[in-house]
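Asks: Provided herewith is a single structure, encoded as structure tokens, for subsequent inquiry.
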Amino acid sequence: MGIIIAVISGKGGVGKTTTTANIGLGIALNGKKCVVVDFDIGQRNLDMILGLENRVVYDMVQVMDGEVKLKQALIKSKMSDNLQFLAASQTKDKSVLDSQKILNLVTELSKEFDFVILDAPAGIETGYEHTIEFADRAIIVVNPEVSSIRDADRAIGILDSKSQKVKDGGEVMKYLIINRIDAKMVQSGEMLASEDILAILSIPLIGKIPEDKGIIDASNQGKPIILDNSSLAGKAYSRISARLCGQEVPLENVEVLKSGLMSKIKGIFK
Amino acid sequence: MFSFFNKKSSAKTAKDRLTIAIMSDRQNANSFPNMDAMKAEIIEVVKKYMGVKAIDIKREVNGDMEALSIDVQLDNK
Ligand SMILES: Nc1ncnc2c1ncn2[C@@H]1O[C@H](COP(=O)(O)OP(=O)(O)OP(=O)(O)O)[C@@H](O)[C@H]1O
Ligand SMILES: [Mg+2]
């Protein structure tokens, strides 16, 4: 059985879809079979970020309702044979999701894939609750900014009370990604440092992603930034993907500016 | 001058404000809609029979079990 991971944030627009696309591809490039599922019903986006928008014929709601077979709806990525994608439905009616149908879908997916990654919608309403319901693990994406961190804490609270794992007496493993870090601002004390965020949220860190203009270009082209291994964000996503696949990769400190004595000194202690 | 100082230390300000906001959010997470109304009604009922000093209502989730725990502190006088 594969591992089901929900990518969540509470606040919208902090980088869930970007993260889902990049770690999905990153895991696939590590040789594991991976499927990414867009759970943002009514606001399909992951297809664009993966460059697959022209290939979508059927969506996950049609699969859940038994209108089409899973195989018909899964779309193979051009970037890795190990990566497949299942599109969100564009219906405005969010009540289409139902627990039993979701369980059936993710169970079927976890038989075929090593990793099943679910891209949650913004907010902490029913769409969010459905995304976390059957998750084994959760990746919480935050920006170093007060409202994102506060909303993430509320999303974690719901995860810890409403997921099936917790109801069964277990625990959903949680990983934190701090996205859009501006090293200069952290250094000058204008942006929350990762230690502060970790102290507040008290969940383990799996990676830090710097603010990177290349991400816009990547989405323009439908080619996740992880494919650009000269970019800082791409490298950060590669390291996170490797960690998810069980490799020990040391944490790179993207909060210090490259070059300069300070970064070297701090590097020794990381 | 002042704005310059503020800018420099604003990450620290953010941390302090967040710590407090999240602490209070976590406390409220155990509440539910109309909790205050229910509290008031329960106080009224108990008051008919004995003195009430304070009441504390919590919704607790434990595995599959969900429970409402009501603590009524009596007024001994
Ligand atoms: N590290 C980064 N550097 C620069 N821009 C970024 C970074 N991460 C995300 N962005 C940009 O932020 C915007 C929001 O990202 P994304 O769509 O991934 O967020 P989301 O959490 O999925 O949003 P929603 O809640 O609406 O689904 C996008 O325009 C994306 O390009
Ligand atoms: Mg999104």
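As shown in the structure tokens, the chain order sets the letters A, B, ...; within each chain, residues go from 1, and ligands are also counted from 1 in the order they appear.
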Can I get the residues of chain A within 7 Å of ligand 1, each with the closest pair of atoms and their distance in Å to one decimal, using only C-alpha atoms and all ligand atoms, sorted chain first then ascending number, as CSV?

Replies:
```
residue,atom,partner,partner_atom_place_in_ligand_line,distance
A:Ser9,CA,ligand 1,21 (O),6.7
A:Lys11,CA,ligand 1,25 (O),6.5
A:Gly12,CA,ligand 1,25 (O),3.2
A:Gly13,CA,ligand 1,23 (O),3.2
A:Val14,CA,ligand 1,21 (O),4.1
A:Gly15,CA,ligand 1,18 (O),3.2
A:Lys16,CA,ligand 1,21 (O),3.7
A:Thr17,CA,ligand 1,22 (O),3.6
A:Thr18,CA,ligand 1,18 (O),3.7
A:Thr19,CA,ligand 1,18 (O),6.3
A:Asp40,CA,ligand 1,27 (O),6.8
A:Pro121,CA,ligand 1,27 (O),5.2
A:Ala122,CA,ligand 1,25 (O),3.9
A:Asn179,CA,ligand 1,1 (N),5.3
A:Arg180,CA,ligand 1,1 (N),4.0
A:Ile209,CA,ligand 1,1 (N),5.5
A:Pro210,CA,ligand 1,1 (N),5.2
A:Glu211,CA,ligand 1,3 (N),3.7
A:Asp212,CA,ligand 1,3 (N),3.9
A:Lys213,CA,ligand 1,4 (C),5.2
A:Ile215,CA,ligand 1,31 (O),5.2
A:Ile216,CA,ligand 1,31 (O),4.8
A:Ser219,CA,ligand 1,31 (O),6.4
A:Ala233,CA,ligand 1,1 (N),6.2
```

Asks: Export N, CA and C atoms of the chosen residues as a short mmCIF file (atom, residue, chain, number, x, y, z; two decimals), in the first residue's frame?

Replies:
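Below is the file part-v2.cif, written as the result:
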```
data_model
loop_
_atom_site.label_atom_id
_atom_site.label_comp_id
_atom_site.auth_asym_id
_atom_site.auth_seq_id
_atom_site.Cartn_x
_atom_site.Cartn_y
_atom_site.Cartn_z
N SER A 9 -2.55 23.91 4.00
CA SER A 9 -1.97 25.18 4.46
C SER A 9 -2.89 26.02 5.34
N LYS A 11 -4.42 28.90 5.10
CA LYS A 11 -4.50 30.09 4.24
C LYS A 11 -4.25 29.72 2.78
N GLY A 12 -4.93 30.40 1.89
CA GLY A 12 -4.76 30.15 0.46
C GLY A 12 -3.56 30.87 -0.12
N GLY A 13 -3.13 30.39 -1.26
CA GLY A 13 -2.09 31.08 -2.03
C GLY A 13 -0.69 31.02 -1.46
N VAL A 14 -0.42 30.06 -0.57
CA VAL A 14 0.92 30.02 0.04
C VAL A 14 1.88 29.06 -0.67
N GLY A 15 1.33 28.23 -1.59
CA GLY A 15 2.22 27.36 -2.36
C GLY A 15 1.89 25.87 -2.31
N LYS A 16 0.67 25.50 -2.00
CA LYS A 16 0.30 24.08 -1.96
C LYS A 16 0.42 23.42 -3.33
N THR A 17 -0.16 24.07 -4.34
CA THR A 17 -0.17 23.47 -5.67
C THR A 17 1.25 23.40 -6.24
N THR A 18 2.01 24.46 -6.05
CA THR A 18 3.41 24.48 -6.49
C THR A 18 4.17 23.33 -5.81
N THR A 19 3.93 23.16 -4.52
CA THR A 19 4.61 22.11 -3.76
C THR A 19 4.18 20.72 -4.23
N ASP A 40 -8.81 20.42 -5.28
CA ASP A 40 -9.37 21.77 -5.26
C ASP A 40 -10.55 21.83 -6.23
N PRO A 121 -7.64 22.20 -1.17
CA PRO A 121 -8.08 23.56 -1.48
C PRO A 121 -7.70 24.51 -0.34
N ALA A 122 -7.80 25.81 -0.59
CA ALA A 122 -7.56 26.80 0.46
C ALA A 122 -8.65 26.69 1.51
N ASN A 179 7.82 28.16 2.88
CA ASN A 179 7.96 28.57 1.48
C ASN A 179 8.07 30.09 1.38
N ARG A 180 8.76 30.55 0.36
CA ARG A 180 8.92 31.97 0.04
C ARG A 180 9.76 32.71 1.09
N ILE A 209 11.92 26.63 1.36
CA ILE A 209 12.00 27.03 -0.05
C ILE A 209 12.18 28.55 -0.12
N PRO A 210 13.20 29.00 -0.80
CA PRO A 210 13.37 30.45 -0.92
C PRO A 210 12.36 31.07 -1.87
N GLU A 211 12.13 32.35 -1.71
CA GLU A 211 11.38 33.11 -2.71
C GLU A 211 12.17 33.00 -4.00
N ASP A 212 11.51 32.66 -5.09
CA ASP A 212 12.24 32.43 -6.34
C ASP A 212 11.38 32.88 -7.52
N LYS A 213 11.86 33.92 -8.21
CA LYS A 213 11.11 34.45 -9.36
C LYS A 213 10.93 33.42 -10.45
N ILE A 215 9.80 30.62 -10.30
CA ILE A 215 8.57 29.84 -10.15
C ILE A 215 7.47 30.36 -11.07
N ILE A 216 7.47 31.65 -11.31
CA ILE A 216 6.48 32.23 -12.23
C ILE A 216 6.74 31.70 -13.64
N SER A 219 5.67 28.14 -13.95
CA SER A 219 4.23 27.93 -14.14
C SER A 219 3.78 28.44 -15.52
N ALA A 233 15.01 27.26 -5.59
CA ALA A 233 13.76 26.60 -5.20
C ALA A 233 13.74 25.17 -5.74
#
```

Asks: Fewer than 4 positions away in the same chain doesn't count, so skip those; otherwise give me all residues within 8 Å of Asp81 of chain A, counting only C-alpha atoms, as a list in words.

Replies: Ala28, Lys76 and Ser77 of chain A

Asks: Using DSSP on the backbone, list every residue of chain B that comes out as strand (DSSP E or B), and give them as a list in words.

Replies: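 Checking each residue of chain B, the strand (DSSP E or B) ones are Val52, Lys53, Ala54, Ile55, Asp56, Ile57, Lys58, Arg59, Glu60, Val61, Asn62, Met65, Glu66, Ala67, Leu68, Ser69, Ile70, Asp71, Val72, Gln73 and Leu74 of chain B.
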
Asks: Go ahead and write the residues just picked, N, CA and C atoms, as a short mmCIF file (atom, residue, chain, number, x, y, z; two decimals), in the first residue's frame.

Replies:
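Writing done, so here's again-v1.cif:
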```
data_model
loop_
_atom_site.label_atom_id
_atom_site.label_comp_id
_atom_site.auth_asym_id
_atom_site.auth_seq_id
_atom_site.Cartn_x
_atom_site.Cartn_y
_atom_site.Cartn_z
N VAL B 52 -24.80 28.42 42.33
CA VAL B 52 -23.77 28.13 41.32
C VAL B 52 -22.74 29.26 41.29
N LYS B 53 -21.49 28.89 41.29
CA LYS B 53 -20.43 29.90 41.26
C LYS B 53 -19.91 30.06 39.83
N ALA B 54 -19.60 28.94 39.20
CA ALA B 54 -19.04 29.03 37.83
C ALA B 54 -19.36 27.76 37.06
N ILE B 55 -19.31 27.87 35.76
CA ILE B 55 -19.57 26.69 34.94
C ILE B 55 -18.56 26.65 33.79
N ASP B 56 -18.11 25.46 33.50
CA ASP B 56 -17.13 25.31 32.43
C ASP B 56 -17.56 24.17 31.52
N ILE B 57 -17.73 24.48 30.24
CA ILE B 57 -18.16 23.45 29.30
C ILE B 57 -17.07 23.21 28.27
N LYS B 58 -16.78 21.97 27.99
CA LYS B 58 -15.76 21.64 26.98
C LYS B 58 -16.25 20.52 26.09
N ARG B 59 -15.90 20.61 24.83
CA ARG B 59 -16.18 19.48 23.97
C ARG B 59 -14.86 18.74 23.80
N GLU B 60 -14.87 17.47 24.10
CA GLU B 60 -13.63 16.71 24.02
C GLU B 60 -13.76 15.56 23.03
N VAL B 61 -12.73 15.42 22.22
CA VAL B 61 -12.72 14.31 21.27
C VAL B 61 -11.64 13.34 21.70
N ASN B 62 -12.02 12.07 21.81
CA ASN B 62 -11.07 11.06 22.24
C ASN B 62 -11.28 9.82 21.37
N MET B 65 -14.83 8.68 20.28
CA MET B 65 -15.78 9.22 21.25
C MET B 65 -15.72 10.73 21.30
N GLU B 66 -16.90 11.32 21.31
CA GLU B 66 -16.95 12.76 21.50
C GLU B 66 -17.80 13.01 22.73
N ALA B 67 -17.29 13.83 23.63
CA ALA B 67 -18.03 14.02 24.87
C ALA B 67 -18.15 15.49 25.21
N LEU B 68 -19.23 15.81 25.88
CA LEU B 68 -19.41 17.16 26.39
C LEU B 68 -19.14 17.08 27.88
N SER B 69 -18.12 17.79 28.33
CA SER B 69 -17.88 17.74 29.77
C SER B 69 -18.30 19.06 30.40
N ILE B 70 -19.15 18.93 31.42
CA ILE B 70 -19.69 20.13 32.07
C ILE B 70 -19.26 20.13 33.53
N ASP B 71 -18.54 21.16 33.92
CA ASP B 71 -18.11 21.31 35.31
C ASP B 71 -18.86 22.46 35.94
N VAL B 72 -19.63 22.12 36.97
CA VAL B 72 -20.36 23.20 37.66
C VAL B 72 -19.75 23.38 39.05
N GLN B 73 -19.25 24.56 39.27
CA GLN B 73 -18.67 24.84 40.58
C GLN B 73 -19.76 25.45 41.46
N LEU B 74 -20.03 24.81 42.61
CA LEU B 74 -21.13 25.28 43.47
C LEU B 74 -20.70 26.40 44.40
#
```

Asks: At a cut-off of 12 Å, list the chain A residues touching chain B, using only C-alpha atoms, as a short mmCIF file (atom, residue, chain, number, x, y, z; two decimals) with all heavy atoms, in the first residue's frame.

Replies:
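part_24.cif was written with the following content:
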```cif
data_model
loop_
_atom_site.label_atom_id
_atom_site.label_comp_id
_atom_site.auth_asym_id
_atom_site.auth_seq_id
_atom_site.Cartn_x
_atom_site.Cartn_y
_atom_site.Cartn_z
N PRO A 144 6.52 32.67 5.75
CA PRO A 144 6.98 33.26 7.01
C PRO A 144 6.23 34.55 7.32
O PRO A 144 6.78 35.64 7.29
CB PRO A 144 8.47 33.55 6.76
CG PRO A 144 8.75 33.13 5.37
CD PRO A 144 7.49 32.84 4.66
N GLU A 145 4.99 34.40 7.65
CA GLU A 145 4.11 35.57 7.75
C GLU A 145 2.97 35.21 8.70
O GLU A 145 2.52 34.06 8.71
CB GLU A 145 3.67 35.86 6.30
CG GLU A 145 2.63 36.86 6.05
CD GLU A 145 1.29 36.19 5.98
OE1 GLU A 145 1.15 35.07 5.45
OE2 GLU A 145 0.34 36.80 6.49
N VAL A 146 2.52 36.17 9.52
CA VAL A 146 1.63 35.84 10.64
C VAL A 146 0.32 35.13 10.26
O VAL A 146 -0.04 34.14 10.89
CB VAL A 146 1.29 37.06 11.54
CG1 VAL A 146 2.51 37.47 12.37
CG2 VAL A 146 0.77 38.23 10.73
N SER A 147 -0.37 35.60 9.24
CA SER A 147 -1.68 34.98 8.97
C SER A 147 -1.53 33.56 8.44
O SER A 147 -2.34 32.68 8.75
CB SER A 147 -2.53 35.84 8.03
OG SER A 147 -1.76 36.37 7.01
N SER A 148 -0.51 33.32 7.66
CA SER A 148 -0.28 31.97 7.16
C SER A 148 -0.01 31.00 8.30
O SER A 148 -0.55 29.89 8.35
CB SER A 148 0.89 31.97 6.17
OG SER A 148 1.37 30.67 5.97
N ILE A 149 0.81 31.42 9.25
CA ILE A 149 1.19 30.53 10.36
C ILE A 149 0.00 30.28 11.30
O ILE A 149 -0.25 29.16 11.73
CB ILE A 149 2.40 31.12 11.11
CG1 ILE A 149 3.60 31.10 10.17
CG2 ILE A 149 2.70 30.34 12.39
CD1 ILE A 149 4.72 31.99 10.59
N ARG A 150 -0.75 31.33 11.53
CA ARG A 150 -1.92 31.17 12.40
C ARG A 150 -2.94 30.23 11.76
O ARG A 150 -3.47 29.32 12.41
CB ARG A 150 -2.55 32.54 12.65
CG ARG A 150 -3.67 32.46 13.64
CD ARG A 150 -4.32 33.79 13.80
NE ARG A 150 -5.20 33.78 14.96
CZ ARG A 150 -5.95 34.82 15.30
NH1 ARG A 150 -5.91 35.92 14.59
NH2 ARG A 150 -6.73 34.74 16.35
N ASP A 151 -3.21 30.43 10.47
CA ASP A 151 -4.19 29.56 9.79
C ASP A 151 -3.69 28.12 9.70
O ASP A 151 -4.48 27.18 9.78
CB ASP A 151 -4.48 30.09 8.38
CG ASP A 151 -5.28 31.39 8.42
OD1 ASP A 151 -5.63 31.83 9.53
OD2 ASP A 151 -5.55 31.96 7.35
N ALA A 152 -2.39 27.96 9.54
CA ALA A 152 -1.82 26.61 9.49
C ALA A 152 -2.08 25.89 10.82
O ALA A 152 -2.42 24.71 10.85
CB ALA A 152 -0.32 26.66 9.20
N ASP A 153 -1.94 26.61 11.91
CA ASP A 153 -2.16 26.00 13.22
C ASP A 153 -3.61 25.51 13.36
O ASP A 153 -3.86 24.45 13.92
CB ASP A 153 -1.84 26.99 14.34
CG ASP A 153 -1.78 26.30 15.70
OD1 ASP A 153 -0.85 25.50 15.90
OD2 ASP A 153 -2.69 26.50 16.53
N ARG A 154 -4.54 26.27 12.82
CA ARG A 154 -5.94 25.84 12.88
C ARG A 154 -6.17 24.62 11.98
O ARG A 154 -6.90 23.69 12.34
CB ARG A 154 -6.86 26.98 12.48
CG ARG A 154 -6.73 28.17 13.44
CD ARG A 154 -7.79 29.19 13.22
NE ARG A 154 -9.11 28.63 13.38
CZ ARG A 154 -10.21 29.13 12.81
NH1 ARG A 154 -10.12 30.18 12.03
NH2 ARG A 154 -11.37 28.57 13.02
N ALA A 155 -5.53 24.63 10.82
CA ALA A 155 -5.66 23.48 9.91
C ALA A 155 -5.09 22.22 10.58
O ALA A 155 -5.67 21.14 10.48
CB ALA A 155 -4.94 23.76 8.59
N ILE A 156 -3.98 22.38 11.30
CA ILE A 156 -3.38 21.25 12.01
C ILE A 156 -4.32 20.74 13.10
O ILE A 156 -4.48 19.53 13.30
CB ILE A 156 -2.01 21.66 12.61
CG1 ILE A 156 -1.00 21.97 11.50
CG2 ILE A 156 -1.46 20.57 13.54
CD1 ILE A 156 0.24 22.70 11.96
N GLY A 157 -4.99 21.67 13.78
CA GLY A 157 -5.95 21.29 14.81
C GLY A 157 -7.06 20.40 14.24
O GLY A 157 -7.45 19.41 14.85
N ILE A 158 -7.53 20.76 13.06
CA ILE A 158 -8.59 19.96 12.42
C ILE A 158 -8.04 18.60 11.99
O ILE A 158 -8.67 17.57 12.18
CB ILE A 158 -9.18 20.74 11.23
CG1 ILE A 158 -9.92 21.97 11.76
CG2 ILE A 158 -10.11 19.86 10.39
CD1 ILE A 158 -10.37 22.93 10.71
N ASP A 160 -5.72 16.97 13.39
CA ASP A 160 -5.53 16.16 14.59
C ASP A 160 -6.84 15.74 15.26
O ASP A 160 -6.81 15.02 16.26
CB ASP A 160 -4.66 16.91 15.61
CG ASP A 160 -3.19 16.86 15.23
OD1 ASP A 160 -2.82 15.95 14.45
OD2 ASP A 160 -2.42 17.72 15.69
N SER A 161 -7.97 16.23 14.76
CA SER A 161 -9.22 15.77 15.37
C SER A 161 -10.14 15.07 14.38
O SER A 161 -10.95 14.24 14.76
CB SER A 161 -9.94 16.95 16.05
OG SER A 161 -10.30 17.91 15.09
N LYS A 162 -10.02 15.38 13.09
CA LYS A 162 -11.00 14.85 12.15
C LYS A 162 -10.50 13.78 11.19
O LYS A 162 -11.29 13.20 10.45
CB LYS A 162 -11.61 16.00 11.35
CG LYS A 162 -12.34 16.99 12.25
CD LYS A 162 -13.55 17.58 11.60
CE LYS A 162 -14.41 18.28 12.63
NZ LYS A 162 -15.32 19.25 12.03
N SER A 163 -9.20 13.55 11.13
CA SER A 163 -8.75 12.54 10.17
C SER A 163 -9.05 11.14 10.71
O SER A 163 -9.09 10.92 11.92
CB SER A 163 -7.26 12.70 9.90
OG SER A 163 -6.55 12.41 11.07
N GLN A 164 -9.25 10.20 9.82
CA GLN A 164 -9.62 8.83 10.19
C GLN A 164 -8.54 8.20 11.05
O GLN A 164 -8.82 7.51 12.03
CB GLN A 164 -9.88 8.01 8.92
CG GLN A 164 -10.57 6.69 9.18
CD GLN A 164 -11.90 6.85 9.91
OE1 GLN A 164 -12.73 7.69 9.55
NE2 GLN A 164 -12.11 6.07 10.96
N LYS A 165 -7.29 8.45 10.69
CA LYS A 165 -6.15 7.93 11.46
C LYS A 165 -6.27 8.29 12.93
O LYS A 165 -6.06 7.45 13.81
CB LYS A 165 -4.84 8.54 10.91
CG LYS A 165 -4.11 7.67 9.91
CD LYS A 165 -2.83 7.14 10.54
CE LYS A 165 -2.38 5.86 9.90
NZ LYS A 165 -1.33 6.07 8.92
N VAL A 166 -6.59 9.53 13.20
CA VAL A 166 -6.70 10.01 14.58
C VAL A 166 -7.93 9.38 15.25
O VAL A 166 -7.86 8.96 16.40
CB VAL A 166 -6.77 11.55 14.61
CG1 VAL A 166 -7.09 12.05 16.01
CG2 VAL A 166 -5.46 12.14 14.12
N LYS A 167 -9.03 9.30 14.51
CA LYS A 167 -10.23 8.68 15.08
C LYS A 167 -9.98 7.23 15.45
O LYS A 167 -10.59 6.69 16.37
CB LYS A 167 -11.40 8.78 14.10
CG LYS A 167 -11.95 10.20 13.98
CD LYS A 167 -13.09 10.26 13.01
CE LYS A 167 -13.60 11.68 12.83
NZ LYS A 167 -14.48 11.80 11.67
N ASP A 168 -9.07 6.58 14.71
CA ASP A 168 -8.73 5.19 15.00
C ASP A 168 -7.68 5.08 16.10
O ASP A 168 -7.14 4.01 16.35
CB ASP A 168 -8.19 4.50 13.73
CG ASP A 168 -9.27 4.33 12.67
OD1 ASP A 168 -10.46 4.40 13.03
OD2 ASP A 168 -8.91 4.14 11.49
N GLY A 169 -7.34 6.22 16.69
CA GLY A 169 -6.37 6.20 17.78
C GLY A 169 -4.93 6.38 17.34
O GLY A 169 -4.01 6.28 18.14
N GLY A 170 -4.73 6.64 16.05
CA GLY A 170 -3.36 6.83 15.54
C GLY A 170 -3.01 8.29 15.39
O GLY A 170 -3.62 9.15 16.03
N GLU A 171 -2.03 8.54 14.55
CA GLU A 171 -1.57 9.91 14.37
C GLU A 171 -1.21 10.13 12.90
O GLU A 171 -0.70 9.22 12.25
CB GLU A 171 -0.33 10.15 15.23
CG GLU A 171 -0.09 11.59 15.55
CD GLU A 171 1.23 11.81 16.28
OE1 GLU A 171 1.68 10.90 17.01
OE2 GLU A 171 1.81 12.88 16.09
N LYS A 184 17.44 37.85 2.83
CA LYS A 184 17.82 39.21 3.24
C LYS A 184 16.93 39.72 4.35
O LYS A 184 17.39 40.32 5.32
CB LYS A 184 17.67 40.15 2.03
CG LYS A 184 18.99 40.74 1.58
CD LYS A 184 18.75 41.81 0.53
CE LYS A 184 19.91 41.81 -0.45
NZ LYS A 184 19.54 42.28 -1.78
N MET A 185 15.63 39.49 4.21
CA MET A 185 14.70 39.98 5.22
C MET A 185 14.84 39.23 6.53
O MET A 185 14.69 39.81 7.60
CB MET A 185 13.25 39.87 4.70
CG MET A 185 12.96 40.85 3.58
SD MET A 185 11.22 40.77 3.08
CE MET A 185 10.43 41.62 4.43
N VAL A 186 15.13 37.94 6.47
CA VAL A 186 15.33 37.18 7.71
C VAL A 186 16.57 37.72 8.41
O VAL A 186 16.56 37.96 9.62
CB VAL A 186 15.49 35.66 7.43
CG1 VAL A 186 15.84 34.92 8.70
CG2 VAL A 186 14.23 35.10 6.81
N GLN A 187 17.63 37.95 7.65
CA GLN A 187 18.87 38.45 8.23
C GLN A 187 18.69 39.81 8.90
O GLN A 187 19.28 40.08 9.93
CB GLN A 187 19.96 38.55 7.15
CG GLN A 187 20.48 37.19 6.68
CD GLN A 187 20.91 36.31 7.83
OE1 GLN A 187 21.71 36.70 8.67
NE2 GLN A 187 20.36 35.11 7.89
N SER A 188 17.85 40.64 8.31
CA SER A 188 17.69 41.98 8.88
C SER A 188 16.57 42.02 9.92
O SER A 188 16.21 43.08 10.42
CB SER A 188 17.41 42.99 7.76
OG SER A 188 16.16 42.69 7.17
N GLY A 189 16.03 40.86 10.24
CA GLY A 189 15.02 40.81 11.31
C GLY A 189 13.64 41.28 10.88
O GLY A 189 12.79 41.55 11.71
N GLU A 190 13.41 41.35 9.58
CA GLU A 190 12.11 41.80 9.11
C GLU A 190 11.20 40.64 8.77
O GLU A 190 10.03 40.82 8.47
CB GLU A 190 12.27 42.64 7.84
CG GLU A 190 12.99 43.95 8.05
CD GLU A 190 13.43 44.51 6.71
OE1 GLU A 190 12.59 45.11 6.04
OE2 GLU A 190 14.60 44.31 6.35
N MET A 191 11.75 39.43 8.76
CA MET A 191 10.92 38.26 8.44
C MET A 191 11.15 37.20 9.49
O MET A 191 12.28 36.98 9.93
CB MET A 191 11.29 37.73 7.05
CG MET A 191 10.47 36.54 6.60
SD MET A 191 10.90 36.01 4.92
CE MET A 191 9.75 36.98 3.95
N LEU A 192 10.08 36.53 9.89
CA LEU A 192 10.18 35.45 10.88
C LEU A 192 11.21 34.41 10.44
O LEU A 192 11.20 33.97 9.30
CB LEU A 192 8.82 34.77 11.02
CG LEU A 192 7.79 35.47 11.90
CD1 LEU A 192 6.40 34.95 11.60
CD2 LEU A 192 8.13 35.28 13.37
N ALA A 193 12.07 34.03 11.36
CA ALA A 193 13.07 33.00 11.07
C ALA A 193 12.44 31.62 11.28
O ALA A 193 11.47 31.48 12.02
CB ALA A 193 14.27 33.16 11.98
N SER A 194 13.02 30.60 10.64
CA SER A 194 12.40 29.28 10.72
C SER A 194 12.37 28.74 12.15
O SER A 194 11.43 28.05 12.53
CB SER A 194 13.09 28.31 9.77
OG SER A 194 14.45 28.27 10.06
N GLU A 195 13.38 29.06 12.96
CA GLU A 195 13.36 28.56 14.36
C GLU A 195 12.11 29.07 15.07
O GLU A 195 11.50 28.36 15.88
CB GLU A 195 14.58 29.03 15.18
CG GLU A 195 15.93 28.72 14.63
CD GLU A 195 16.43 29.83 13.73
OE1 GLU A 195 16.97 30.82 14.24
OE2 GLU A 195 16.25 29.72 12.50
N ASP A 196 11.77 30.34 14.81
CA ASP A 196 10.59 30.92 15.46
C ASP A 196 9.32 30.20 15.03
O ASP A 196 8.46 29.89 15.83
CB ASP A 196 10.48 32.40 15.12
CG ASP A 196 11.66 33.21 15.66
OD1 ASP A 196 12.32 32.70 16.59
OD2 ASP A 196 11.93 34.30 15.14
N ILE A 197 9.23 29.95 13.73
CA ILE A 197 8.03 29.28 13.20
C ILE A 197 7.93 27.87 13.77
O ILE A 197 6.86 27.42 14.18
CB ILE A 197 8.08 29.26 11.66
CG1 ILE A 197 8.13 30.69 11.13
CG2 ILE A 197 6.88 28.49 11.08
CD1 ILE A 197 8.38 30.82 9.64
N LEU A 198 9.06 27.19 13.86
CA LEU A 198 9.07 25.83 14.40
C LEU A 198 8.68 25.82 15.87
O LEU A 198 7.96 24.93 16.34
CB LEU A 198 10.45 25.20 14.23
CG LEU A 198 10.81 24.85 12.79
CD1 LEU A 198 12.27 24.42 12.69
CD2 LEU A 198 9.91 23.72 12.30
N ALA A 199 9.15 26.83 16.60
CA ALA A 199 8.82 26.90 18.03
C ALA A 199 7.32 27.11 18.21
O ALA A 199 6.72 26.55 19.13
CB ALA A 199 9.60 28.03 18.69
N ILE A 200 6.72 27.89 17.34
CA ILE A 200 5.29 28.18 17.46
C ILE A 200 4.44 26.97 17.05
O ILE A 200 3.51 26.58 17.74
CB ILE A 200 4.93 29.43 16.64
CG1 ILE A 200 5.56 30.67 17.27
CG2 ILE A 200 3.41 29.60 16.54
CD1 ILE A 200 5.54 31.90 16.38
N LEU A 201 4.77 26.38 15.92
CA LEU A 201 3.91 25.30 15.40
C LEU A 201 4.27 23.93 15.96
O LEU A 201 3.46 23.01 15.95
CB LEU A 201 3.98 25.26 13.87
CG LEU A 201 3.34 26.45 13.13
CD1 LEU A 201 3.54 26.29 11.63
CD2 LEU A 201 1.86 26.57 13.45
N SER A 202 5.48 23.80 16.43
CA SER A 202 6.04 22.53 16.94
C SER A 202 5.69 21.30 16.10
O SER A 202 5.14 20.32 16.60
CB SER A 202 5.72 22.32 18.42
OG SER A 202 4.35 22.42 18.68
#
```

Asks: Would you list, as a VMD selection string, the residues of segment 3-74 of chain A that end up in alpha helix (DSSP H) under DSSP run on this structure's backbone?

Replies: chain A and resid 16 to 29 46 to 49 60 to 64 70 to 73

Asks: Which value, in Å to one decimal, gives the distance between atom 1 (Mg, counted along the ligand's line) of ligand 2 and atom CA of Gln62 of chain A?

Replies: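 The value is 20.6 Å.
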
Asks: State, in Å with one decimal place, the distance from atom CA of Asn54 of chain A to atom CA of Asp38 of chain A.

Replies: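 Separating atom CA of Asn54 of chain A from atom CA of Asp38 of chain A is a distance of 15.4 Å.
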
Asks: For Ser89 of chain A, list every protein, DNA or RNA residue within 9 Å, evaluated using only C-alpha atoms, and leave out those in the same chain fewer than 4 positions away; present the list as number ranges by chain.

Replies: A: 38-44, 58-62

Asks: Kindly give the distance, in Å, that separates atom CA of Ile117 of chain A and atom CA of Ala218 of chain A, rounded to a single decimal.

Replies: 20.2 Å

Asks: Using only C-alpha atoms and all ligand atoms, can you tell me which of A:Ile203, A:Met64, A:Leu109, A:Leu46 comes closest to ligand 2?

Replies: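 Closest candidate: A:Leu46.
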